[in-house]
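Note: the block below is query-v8.pdb and it holds PDB, C-alpha atoms, pLDDT in the B column.
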```
ATOM      1  CA  MET A  17     -17.621 -69.233 -44.365  1.00 56.00           C
ATOM      2  CA  ARG A  18     -20.041 -70.767 -46.883  1.00 64.00           C
ATOM      3  CA  ARG A  19     -19.579 -70.230 -50.564  1.00 64.00           C
ATOM      4  CA  LYS A  20     -22.562 -68.951 -52.447  1.00 65.00           C
ATOM      5  CA  GLU A  21     -24.033 -71.438 -54.836  1.00 69.00           C
ATOM      6  CA  LYS A  22     -24.350 -70.469 -58.468  1.00 71.00           C
ATOM      7  CA  HIS A  23     -27.975 -69.958 -59.480  1.00 69.00           C
ATOM      8  CA  THR A  24     -29.106 -70.278 -63.063  1.00 76.00           C
ATOM      9  CA  PHE A  25     -31.948 -68.056 -64.200  1.00 79.00           C
ATOM     10  CA  TYR A  26     -34.097 -69.337 -67.040  1.00 82.00           C
ATOM     11  CA  ASN A  27     -36.083 -67.007 -69.272  1.00 82.00           C
ATOM     12  CA  TYR A  28     -39.804 -67.377 -69.820  1.00 80.00           C
ATOM     13  CA  GLN A  29     -39.384 -68.805 -73.291  1.00 80.00           C
ATOM     14  CA  PHE A  30     -37.191 -71.650 -72.009  1.00 85.00           C
ATOM     15  CA  LYS A  31     -39.678 -72.425 -69.230  1.00 87.00           C
ATOM     16  CA  HIS A  32     -42.631 -72.262 -71.610  1.00 84.00           C
ATOM     17  CA  THR A  33     -40.984 -74.612 -74.100  1.00 87.00           C
ATOM     18  CA  ALA A  34     -39.994 -77.083 -71.395  1.00 89.00           C
ATOM     19  CA  VAL A  35     -43.545 -77.180 -70.024  1.00 89.00           C
ATOM     20  CA  LYS A  36     -45.043 -77.591 -73.506  1.00 88.00           C
ATOM     21  CA  ILE A  37     -42.793 -80.602 -74.151  1.00 90.00           C
ATOM     22  CA  THR A  38     -44.051 -82.253 -70.961  1.00 88.00           C
ATOM     23  CA  ASP A  39     -47.637 -81.893 -72.228  1.00 86.00           C
ATOM     24  CA  HIS A  40     -46.950 -84.535 -74.895  1.00 87.00           C
ATOM     25  CA  PRO A  41     -48.642 -87.808 -73.813  1.00 88.00           C
ATOM     26  CA  HIS A  42     -45.673 -90.065 -74.678  1.00 90.00           C
ATOM     27  CA  ILE A  43     -42.982 -87.967 -72.994  1.00 88.00           C
ATOM     28  CA  GLN A  44     -42.342 -88.149 -69.257  1.00 90.00           C
ATOM     29  CA  SER A  45     -41.524 -85.021 -67.302  1.00 88.00           C
ATOM     30  CA  ILE A  46     -38.536 -86.645 -65.630  1.00 91.00           C
ATOM     31  CA  ASP A  47     -36.991 -87.378 -69.053  1.00 92.00           C
ATOM     32  CA  VAL A  48     -37.475 -83.772 -70.144  1.00 92.00           C
ATOM     33  CA  ALA A  49     -35.889 -82.490 -66.930  1.00 92.00           C
ATOM     34  CA  GLU A  50     -32.929 -84.824 -67.361  1.00 93.00           C
ATOM     35  CA  ALA A  51     -32.458 -83.819 -70.998  1.00 92.00           C
ATOM     36  CA  LEU A  52     -32.533 -80.124 -70.090  1.00 90.00           C
ATOM     37  CA  GLY A  53     -30.224 -80.566 -67.116  1.00 91.00           C
ATOM     38  CA  ILE A  54     -32.713 -79.285 -64.568  1.00 91.00           C
ATOM     39  CA  HIS A  55     -34.195 -80.830 -61.454  1.00 92.00           C
ATOM     40  CA  PRO A  56     -37.610 -82.465 -62.002  1.00 92.00           C
ATOM     41  CA  ILE A  57     -39.076 -80.473 -59.107  1.00 93.00           C
ATOM     42  CA  MET A  58     -38.214 -77.259 -60.946  1.00 92.00           C
ATOM     43  CA  LEU A  59     -40.075 -78.495 -64.024  1.00 92.00           C
ATOM     44  CA  TYR A  60     -43.112 -79.371 -61.911  1.00 92.00           C
ATOM     45  CA  ARG A  61     -43.026 -75.900 -60.375  1.00 92.00           C
ATOM     46  CA  TRP A  62     -42.916 -74.338 -63.858  1.00 90.00           C
ATOM     47  CA  ARG A  63     -45.935 -76.428 -64.845  1.00 90.00           C
ATOM     48  CA  GLN A  64     -47.801 -75.089 -61.824  1.00 91.00           C
ATOM     49  CA  GLU A  65     -46.765 -71.499 -62.640  1.00 88.00           C
ATOM     50  CA  MET A  66     -47.999 -72.014 -66.206  1.00 85.00           C
ATOM     51  CA  ARG A  67     -51.379 -73.215 -64.916  1.00 86.00           C
ATOM     52  CA  GLU A  68     -51.582 -70.168 -62.638  1.00 84.00           C
ATOM     53  CA  GLY A  69     -50.690 -67.846 -65.515  1.00 80.00           C
ATOM     54  CA  LYS A  70     -47.337 -66.740 -64.120  1.00 76.00           C
ATOM     55  CA  ILE A  71     -45.529 -68.033 -67.210  1.00 72.00           C
ATOM     56  CA  LYS A  72     -46.951 -66.315 -70.256  1.00 66.00           C
ATOM     57  CA  ASP A  73     -47.117 -67.721 -73.737  1.00 61.00           C
ATOM     58  CA  ASN A  74     -44.553 -66.786 -76.365  1.00 58.00           C
ATOM     59  CA  GLU A  75     -46.777 -64.189 -78.080  1.00 61.00           C
ATOM     60  CA  GLN A  76     -47.233 -62.199 -74.884  1.00 61.00           C
ATOM     61  CA  GLU A  77     -43.497 -62.433 -74.169  1.00 61.00           C
ATOM     62  CA  ALA A  78     -42.625 -61.272 -77.684  1.00 61.00           C
ATOM     63  CA  ARG A  79     -45.058 -58.357 -77.447  1.00 67.00           C
ATOM     64  CA  SER A  80     -43.722 -57.209 -74.093  1.00 74.00           C
ATOM     65  CA  ARG A  81     -40.136 -57.609 -75.308  1.00 75.00           C
ATOM     66  CA  SER A  82     -40.964 -55.555 -78.420  1.00 78.00           C
ATOM     67  CA  GLU A  83     -42.549 -52.837 -76.293  1.00 83.00           C
ATOM     68  CA  LEU A  84     -39.504 -52.822 -74.033  1.00 84.00           C
ATOM     69  CA  LEU A  85     -37.123 -52.465 -76.985  1.00 86.00           C
ATOM     70  CA  ASP A  86     -39.242 -49.623 -78.400  1.00 88.00           C
ATOM     71  CA  ALA A  87     -39.197 -47.870 -75.029  1.00 90.00           C
ATOM     72  CA  LYS A  88     -35.419 -48.273 -74.736  1.00 92.00           C
ATOM     73  CA  ALA A  89     -34.941 -46.816 -78.226  1.00 93.00           C
ATOM     74  CA  ARG A  90     -37.181 -43.876 -77.308  1.00 95.00           C
ATOM     75  CA  ILE A  91     -35.194 -43.296 -74.100  1.00 95.00           C
ATOM     76  CA  ARG A  92     -31.905 -43.294 -76.034  1.00 95.00           C
ATOM     77  CA  THR A  93     -33.341 -40.750 -78.499  1.00 96.00           C
ATOM     78  CA  LEU A  94     -34.566 -38.505 -75.695  1.00 96.00           C
ATOM     79  CA  GLU A  95     -31.236 -38.753 -73.878  1.00 96.00           C
ATOM     80  CA  ARG A  96     -29.395 -37.675 -77.052  1.00 96.00           C
ATOM     81  CA  GLN A  97     -31.781 -34.732 -77.465  1.00 97.00           C
ATOM     82  CA  LEU A  98     -31.335 -33.759 -73.821  1.00 96.00           C
ATOM     83  CA  LYS A  99     -27.551 -33.876 -74.175  1.00 96.00           C
ATOM     84  CA  ALA A 100     -27.690 -31.645 -77.266  1.00 96.00           C
ATOM     85  CA  LEU A 101     -29.968 -29.143 -75.522  1.00 96.00           C
ATOM     86  CA  ARG A 102     -27.715 -29.018 -72.465  1.00 96.00           C
ATOM     87  CA  GLU A 103     -24.683 -28.358 -74.682  1.00 96.00           C
ATOM     88  CA  GLU A 104     -26.627 -25.639 -76.488  1.00 95.00           C
ATOM     89  CA  ASN A 105     -27.576 -24.088 -73.151  1.00 95.00           C
ATOM     90  CA  VAL A 106     -23.914 -24.013 -72.055  1.00 93.00           C
ATOM     91  CA  ILE A 107     -22.938 -22.307 -75.311  1.00 92.00           C
ATOM     92  CA  LEU A 108     -25.703 -19.730 -74.921  1.00 91.00           C
ATOM     93  CA  LYS A 109     -24.635 -18.978 -71.346  1.00 90.00           C
ATOM     94  CA  GLN A 110     -21.050 -18.475 -72.509  1.00 89.00           C
ATOM     95  CA  ALA A 111     -22.191 -16.199 -75.339  1.00 89.00           C
ATOM     96  CA  GLU A 112     -24.254 -14.196 -72.872  1.00 87.00           C
ATOM     97  CA  ARG A 113     -21.047 -13.170 -71.086  1.00 86.00           C
ATOM     98  CA  PHE A 114     -19.637 -11.738 -74.311  1.00 83.00           C
ATOM     99  CA  PHE A 115     -22.816  -9.889 -75.264  1.00 81.00           C
ATOM    100  CA  PRO A 116     -24.277  -8.542 -72.007  1.00 72.00           C
ATOM    101  CA  GLU A 117     -26.121  -5.662 -73.754  1.00 70.00           C
ATOM    102  CA  LYS A 118     -28.366  -8.165 -75.522  1.00 57.00           C
ATOM    103  CA  LYS A 119     -29.500  -9.487 -72.135  1.00 53.00           C
ATOM    104  CA  SER A 120     -30.332  -6.034 -70.729  1.00 52.00           C
ATOM    105  CA  ARG A 121     -32.494  -5.123 -73.750  1.00 53.00           C
ATOM    106  CA  ARG A 122     -34.349  -8.360 -73.480  1.00 54.00           C
ATOM    107  CA  SER A 123     -35.181  -7.831 -69.815  1.00 54.00           C
ATOM    108  CA  GLY A 124     -36.897  -4.517 -70.524  1.00 55.00           C
ATOM    109  CA  SER A 125     -34.622  -2.364 -68.352  1.00 54.00           C
ATOM    110  CA  SER A 126     -31.850  -0.113 -69.527  1.00 53.00           C
ATOM    111  CA  PRO A 127     -28.612   0.420 -67.610  1.00 55.00           C
ATOM    112  CA  ASN A 128     -28.824   4.193 -68.299  1.00 57.00           C
ATOM    113  CA  THR A 129     -32.258   4.776 -66.735  1.00 54.00           C
ATOM    114  CA  LYS A 130     -32.949   5.238 -63.018  1.00 53.00           C
ATOM    115  CA  GLY A 131     -36.056   4.150 -61.194  1.00 53.00           C
ATOM    116  CA  GLY A 132     -37.488   2.309 -64.195  1.00 52.00           C
ATOM    117  CA  ALA A 133     -38.649   5.539 -65.975  1.00 51.00           C
ATOM    118  CA  ARG A 134     -37.806   5.871 -69.656  1.00 47.00           C
TER     119      ARG A 134
END
```
Go ahead and render the structure in this file as structure tokens.
Amino acid sequence: MRRKEKHTFYNYQFKHTAVKITDHPHIQSIDVAEALGIHPIMLYRWRQEMREGKIKDNEQEARSRSELLDAKARIRTLERQLKALREENVILKQAERFFPEKKSRRSGSSPNTKGGAR
């Protein structure tokens, strides 16, 4: 049975920075790859992805990350509100068992009348 190889995933910022360093005229790509501990082919692929627009610049990454954090905060707030409302609903259902006459008045029918006539 073959063991699975460990794969390292690099974030966009790391890739973007590595590609920008290789754009310097006096720095060779192979030296950058060696310094970062990555295979030179991977660096060349990142350069191609950057040209094709698959690797975004840092401003776009920061904006999308900010939007994601805002959305996560909003989700947490909504989940807390939902939890509180569910607890309130449980309490109201329990109270309804102790005060059944309140429910019958609210529904518009009285337990003492027959046929719906008042």
For region 66-70 of chain A, please output as a ChimeraX atom specification all residues within 9 Å (counting all atoms listed in the file; exclusion window: fewer than 6 positions along the same chain).
/A:31-32,35
Mind giving me the straight-line distance from CA of Gln44 (chain A) to CA of Phe30 (chain A) in Å, one decimal?
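Between these atoms lies a distance of 17.5 Å.
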Pick the closest to Thr24 (chain A) from A:Gly53, A:Lys109, A:Gln97, A:Leu85: which is it, counting only C-alpha atoms?
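Of all the options, A:Gly53 lies closest to Thr24 (chain A).
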Find the axis-aligned box for region 36-48 of chain A, covering all its listed atoms and adding 3 Å on each side, and write its centre and edge lengths in Å to one decimal as JSON.
```
{"center_x": -42.8, "center_y": -83.8, "center_z": -70.3, "size_x": 17.7, "size_y": 18.5, "size_z": 15.3}
```
Decode the PyMOL selection byres ((chain A and resi 61-64) around 12) for the given file into explicit residues and return them as a count of residues only.
31
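Between CA of Leu52 (chain A) and CA of Lys22 (chain A) there is a distance of 17.2 Å.
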Which distance in Å separates CA of Leu101 (chain A) and CA of Arg113 (chain A), to one decimal?
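Distance between the two atoms: 18.8 Å.
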